[in-house]
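**Student:** One file is attached below, query19.tsv, containing TSV, C-alpha atoms.
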```tsv
chain	number	residue	atom	x	y	z
G	1	MET	CA	-44.17	16.81	-62.67
G	2	ASP	CA	-42.25	19.52	-64.51
G	3	GLU	CA	-45.43	21.61	-64.68
G	4	PRO	CA	-45.72	24.83	-62.65
G	5	PHE	CA	-47.93	24.23	-59.61
G	6	HIS	CA	-48.14	27.84	-58.40
G	7	ARG	CA	-47.70	31.30	-59.86
G	8	THR	CA	-48.11	34.58	-58.00
G	9	ARG	CA	-49.79	37.63	-59.47
G	10	PRO	CA	-47.53	40.23	-61.07
G	11	ASP	CA	-46.56	42.97	-58.63
G	12	PHE	CA	-46.08	46.71	-59.20
G	13	ALA	CA	-42.80	46.02	-61.04
G	14	ASP	CA	-44.44	43.45	-63.37
G	15	GLU	CA	-42.63	40.59	-61.68
G	16	TYR	CA	-44.10	37.31	-60.54
G	17	GLN	CA	-42.86	34.09	-58.98
G	18	ARG	CA	-43.36	30.62	-60.43
G	19	TYR	CA	-42.91	27.31	-58.59
G	20	THR	CA	-42.36	24.03	-60.46
G	21	LEU	CA	-41.89	20.51	-59.08
G	22	LYS	CA	-39.00	18.85	-60.93
G	23	ALA	CA	-37.87	15.23	-61.01
G	24	HIS	CA	-34.24	14.35	-60.38
G	25	ALA	CA	-32.33	11.12	-59.76
G	26	ALA	CA	-31.40	12.33	-56.24
G	27	GLY	CA	-35.04	13.16	-55.50
G	28	PRO	CA	-37.62	15.77	-56.48
G	29	TYR	CA	-36.98	19.46	-55.97
G	30	VAL	CA	-38.84	22.75	-56.38
G	31	LEU	CA	-37.62	25.21	-58.98
G	32	HIS	CA	-38.45	28.75	-57.79
G	33	GLU	CA	-38.21	31.37	-60.55
G	34	ARG	CA	-38.68	35.12	-60.47
G	35	ILE	CA	-39.88	36.39	-63.84
G	36	ARG	CA	-40.07	39.94	-65.12
G	37	LEU	CA	-42.82	40.65	-67.64
G	38	ARG	CA	-41.53	44.01	-68.84
G	39	ALA	CA	-38.96	42.25	-70.97
G	40	ALA	CA	-41.84	41.10	-73.18
G	41	THR	CA	-42.60	44.69	-74.12
G	42	LEU	CA	-39.00	45.09	-75.30
G	43	GLY	CA	-39.53	42.57	-78.09
G	44	GLY	CA	-38.79	39.30	-76.33
G	45	THR	CA	-40.19	36.73	-74.00
G	46	PRO	CA	-40.54	37.33	-70.27
G	47	PHE	CA	-37.15	37.44	-68.58
G	48	THR	CA	-36.27	34.99	-65.81
G	49	PHE	CA	-33.86	36.84	-63.57
G	50	ALA	CA	-33.55	34.59	-60.54
G	51	THR	CA	-33.86	30.86	-60.07
G	52	HIS	CA	-33.41	28.68	-57.01
G	53	SER	CA	-33.55	24.92	-56.67
G	54	ILE	CA	-34.96	23.89	-53.29
G	55	ASP	CA	-35.28	20.38	-51.85
G	56	VAL	CA	-38.96	19.47	-51.38
G	57	GLY	CA	-38.56	18.86	-47.63
G	58	ILE	CA	-36.76	22.14	-47.09
G	59	PHE	CA	-39.37	23.95	-49.18
G	60	LEU	CA	-42.24	22.58	-47.11
G	61	THR	CA	-40.60	23.42	-43.77
G	62	GLY	CA	-38.95	26.68	-44.82
G	63	ASP	CA	-40.10	30.27	-45.04
G	64	GLN	CA	-41.78	30.11	-48.45
G	65	CYS	CA	-45.06	31.28	-49.93
G	66	PRO	CA	-47.79	29.57	-47.81
G	67	GLU	CA	-50.11	29.11	-50.78
G	68	ALA	CA	-47.34	27.47	-52.82
G	69	LYS	CA	-46.58	25.14	-49.90
G	70	ARG	CA	-50.26	24.11	-49.68
G	71	LYS	CA	-50.44	23.45	-53.42
G	72	LEU	CA	-47.23	21.42	-53.36
G	73	GLN	CA	-48.49	19.33	-50.44
G	74	ALA	CA	-51.76	18.64	-52.32
G	75	LEU	CA	-49.81	17.73	-55.47
G	76	LEU	CA	-47.59	15.33	-53.52
G	77	GLU	CA	-50.59	13.71	-51.84
G	78	ALA	CA	-52.32	13.28	-55.22
G	79	THR	CA	-49.27	11.58	-56.76
G	80	ILE	CA	-48.92	9.19	-53.82
G	81	ALA	CA	-52.59	8.14	-53.82
```
Translate this file's structure into structure tokens.
**Tutor:**
Amino acid sequence: MDEPFHRTRPDFADEYQRYTLKAHAAGPYVLHERIRLRAATLGGTPFTFATHSIDVGIFLTGDQCPEAKRKLQALLEATIA
């Protein structure tokens, strides 16, 4: 847990999305981050400009990236087994 399980490819604006499964006392959640790479060319690290915390159940049933949902389901099944 706390490791990114999916990352999209950078788009035309040098932005990508990263999904991380996080542990919490109330239950696990998915941290969805949108990251801009162009900030790195300005002398810094990539810039995270949007973050969302999503309950695992809502993430799996919601309108999210299908590939990220498949990877999360496989990660959850691997941790249960």
**Student:** From the options G:Gln64, G:Ser53, G:Gln17, G:Thr45, which residue's atoms come nearest to Tyr29 (chain G), counting all atoms listed in the file?
**Tutor:**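 Of the candidates, the smallest distance to Tyr29 (chain G) is held by G:Ser53.
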**Student:** Compare G:Ile35, G:Met1, G:Cys65, G:Ala78 by their minimum atom-to-atom distance to Phe47 (chain G), counting all atoms listed in the file, and give me the closest one.
**Tutor:**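 Between G:Ile35, G:Met1, G:Cys65, G:Ala78, the residue approaching Phe47 (chain G) most closely is G:Ile35.
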**Student:** Give me the residues within 8 Å of Asp14 (chain G) as a VMD selection string, counting all atoms listed in the file and dropping any in the same chain fewer than 5 places off.
**Tutor:** chain G and resid 36 to 38
**Student:** Convert the current residue selection to file output with C-alpha atoms, as a PDB file, in the frame of the given file.
**Tutor:**
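Heads up, here's the output in result_7.pdb:
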```
ATOM      1  CA  ARG G  36     -40.070  39.940 -65.120  1.00  0.00           C
ATOM      2  CA  LEU G  37     -42.820  40.650 -67.640  1.00  0.00           C
ATOM      3  CA  ARG G  38     -41.530  44.010 -68.840  1.00  0.00           C
TER       4      ARG G  38
END
```
**Student:** Work out how far apart CA of His32 (chain G) and CA of Phe59 (chain G) are and give it in Å to one decimal.
**Tutor:**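 Taking CA of His32 (chain G) and CA of Phe59 (chain G), their separation equals 9.9 Å.
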**Student:** Determine, counting all atoms listed in the file, which protein, DNA and RNA residues have an atom within 7 Å of an atom of Tyr19 (chain G); residues of the same chain fewer than 6 positions away are not included. Present the result as a PDB file with C-alpha atoms, in the coordinates of the input.
**Tutor:**
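Output contents, as saved in out.pdb:
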```
ATOM      1  CA  PRO G   4     -45.720  24.830 -62.650  1.00  0.00           C
ATOM      2  CA  PHE G   5     -47.930  24.230 -59.610  1.00  0.00           C
ATOM      3  CA  HIS G   6     -48.140  27.840 -58.400  1.00  0.00           C
ATOM      4  CA  ARG G   7     -47.700  31.300 -59.860  1.00  0.00           C
ATOM      5  CA  VAL G  30     -38.840  22.750 -56.380  1.00  0.00           C
ATOM      6  CA  LEU G  31     -37.620  25.210 -58.980  1.00  0.00           C
ATOM      7  CA  HIS G  32     -38.450  28.750 -57.790  1.00  0.00           C
ATOM      8  CA  GLU G  33     -38.210  31.370 -60.550  1.00  0.00           C
TER       9      GLU G  33
END
```
**Student:** Would you list the contacts of region 54-56 of chain G as a list in words, taking every protein, DNA or RNA residue within 12 Å and counting all atoms listed in the file, but skipping same-chain residues closer than 4 positions in sequence?
**Tutor:**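 Using all atoms listed in the file, the neighbours found are Tyr19, Thr20, Leu21, Lys22, Ala23, His24, Ala26, Gly27, Pro28, Tyr29, Val30, Leu31, His32, Glu33, Leu60, Thr61, Gly62, Asp63, Gln64, Ala68, Lys69, Leu72, Gln73, Leu75 and Leu76 of chain G.
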**Student:** Go through G:Glu67, G:Ala25, G:Arg34, G:Thr51 one by one, measure the shortest atom-to-atom distance of each to Asp11 (chain G) using all atoms listed in the file, and give the residue with the smallest value.
**Tutor:**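 Using all atoms listed in the file, Asp11 (chain G) sits closest to G:Arg34.
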**Student:** Could you state the separation of CA of Arg18 (chain G) and CA of Phe49 (chain G) in Å, given to one decimal place?
**Tutor:**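 Separating CA of Arg18 (chain G) from CA of Phe49 (chain G) is a distance of 11.8 Å.
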**Student:** Could you check how far CA of Thr48 (chain G) sits from CA of Pro66 (chain G), in Å to one decimal?
**Tutor:**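 That distance, rounded to one decimal, is 22.0 Å.
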**Student:** Box for region 16-25 of chain G: with edges along x, y and z, all listed atoms inside and 3 Å added on each side, what are the centre and edge lengths in Å to one decimal, as AutoDock Vina command-line options?
**Tutor:**
```
--center_x -38.2 --center_y 24.2 --center_z -59.8 --size_x 17.8 --size_y 32.2 --size_z 8.4
```
**Student:** For Ala50 (chain G), which residue among G:Tyr16, G:Ala74, G:Ile80, G:Thr8 is the nearest when counting all atoms listed in the file?
**Tutor:**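 That would be G:Tyr16, the residue with the smallest distance to Ala50 (chain G).
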**Student:** Using C-alpha atoms, give me chain G from the structure I just pasted, as a tab-separated table (two decimals), in the first residue's frame.
**Tutor:**
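As a result, result-v9.tsv now contains:
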```tsv
chain	number	residue	atom	x	y	z
G	1	MET	CA	0.00	0.00	0.00
G	2	ASP	CA	1.04	3.63	-0.42
G	3	GLU	CA	2.70	2.74	-3.73
G	4	PRO	CA	1.22	3.99	-7.02
G	5	PHE	CA	-0.61	1.15	-8.77
G	6	HIS	CA	-1.36	2.95	-12.05
G	7	ARG	CA	0.03	5.89	-13.99
G	8	THR	CA	-1.23	7.14	-17.33
G	9	ARG	CA	1.02	8.30	-20.13
G	10	PRO	CA	1.69	12.04	-20.36
G	11	ASP	CA	-0.72	13.76	-22.72
G	12	PHE	CA	-0.15	16.66	-25.15
G	13	ALA	CA	0.07	19.09	-22.21
G	14	ASP	CA	2.68	16.96	-20.39
G	15	GLU	CA	0.17	15.95	-17.74
G	16	TYR	CA	-0.46	12.48	-16.40
G	17	GLN	CA	-2.63	10.87	-13.74
G	18	ARG	CA	-1.36	8.72	-10.89
G	19	TYR	CA	-3.45	6.41	-8.68
G	20	THR	CA	-2.24	5.26	-5.26
G	21	LEU	CA	-3.93	2.96	-2.74
G	22	LYS	CA	-3.62	4.50	0.74
G	23	ALA	CA	-4.30	3.03	4.16
G	24	HIS	CA	-6.48	4.89	6.64
G	25	ALA	CA	-8.09	4.02	9.97
G	26	ALA	CA	-11.56	4.45	8.42
G	27	GLY	CA	-10.62	2.16	5.53
G	28	PRO	CA	-8.45	2.26	2.42
G	29	TYR	CA	-8.91	4.91	-0.22
G	30	VAL	CA	-7.52	5.79	-3.65
G	31	LEU	CA	-5.51	8.98	-4.03
G	32	HIS	CA	-5.97	10.29	-7.58
G	33	GLU	CA	-3.39	12.92	-8.57
G	34	ARG	CA	-3.00	14.94	-11.75
G	35	ILE	CA	0.65	15.87	-12.29
G	36	ARG	CA	2.14	18.36	-14.70
G	37	LEU	CA	5.64	17.57	-15.96
G	38	ARG	CA	6.41	20.97	-17.44
G	39	ALA	CA	7.11	22.30	-13.98
G	40	ALA	CA	10.24	20.14	-13.97
G	41	THR	CA	11.67	22.16	-16.85
G	42	LEU	CA	11.23	25.32	-14.78
G	43	GLY	CA	13.80	24.15	-12.24
G	44	GLY	CA	11.65	22.09	-9.89
G	45	THR	CA	9.97	18.78	-9.44
G	46	PRO	CA	6.80	17.84	-11.30
G	47	PHE	CA	3.83	19.86	-10.06
G	48	THR	CA	0.78	18.12	-8.58
G	49	PHE	CA	-2.13	20.38	-9.41
G	50	ALA	CA	-5.16	18.31	-8.48
G	51	THR	CA	-5.72	15.57	-5.93
G	52	HIS	CA	-8.83	13.63	-5.01
G	53	SER	CA	-9.35	11.04	-2.30
G	54	ILE	CA	-11.87	8.40	-3.38
G	55	ASP	CA	-13.28	5.52	-1.33
G	56	VAL	CA	-12.21	2.18	-2.82
G	57	GLY	CA	-15.80	1.00	-3.34
G	58	ILE	CA	-16.81	4.22	-5.04
G	59	PHE	CA	-13.69	4.11	-7.19
G	60	LEU	CA	-14.43	0.58	-8.39
G	61	THR	CA	-18.08	1.33	-9.21
G	62	GLY	CA	-17.60	4.89	-10.47
G	63	ASP	CA	-16.65	6.41	-13.79
G	64	GLN	CA	-12.88	6.08	-13.49
G	65	CYS	CA	-10.05	4.91	-15.73
G	66	PRO	CA	-10.93	1.26	-16.61
G	67	GLU	CA	-7.29	0.16	-16.57
G	68	ALA	CA	-6.76	1.68	-13.12
G	69	LYS	CA	-9.88	-0.10	-11.85
G	70	ARG	CA	-8.58	-3.45	-13.17
G	71	LYS	CA	-5.17	-2.92	-11.56
G	72	LEU	CA	-6.75	-1.94	-8.24
G	73	GLN	CA	-9.00	-5.01	-8.28
G	74	ALA	CA	-5.96	-7.24	-8.95
G	75	LEU	CA	-4.01	-5.52	-6.15
G	76	LEU	CA	-6.89	-6.02	-3.70
G	77	GLU	CA	-7.25	-9.68	-4.67
G	78	ALA	CA	-3.49	-10.22	-4.20
G	79	THR	CA	-3.52	-8.67	-0.71
G	80	ILE	CA	-6.50	-10.79	0.37
G	81	ALA	CA	-5.01	-14.08	-0.85
```
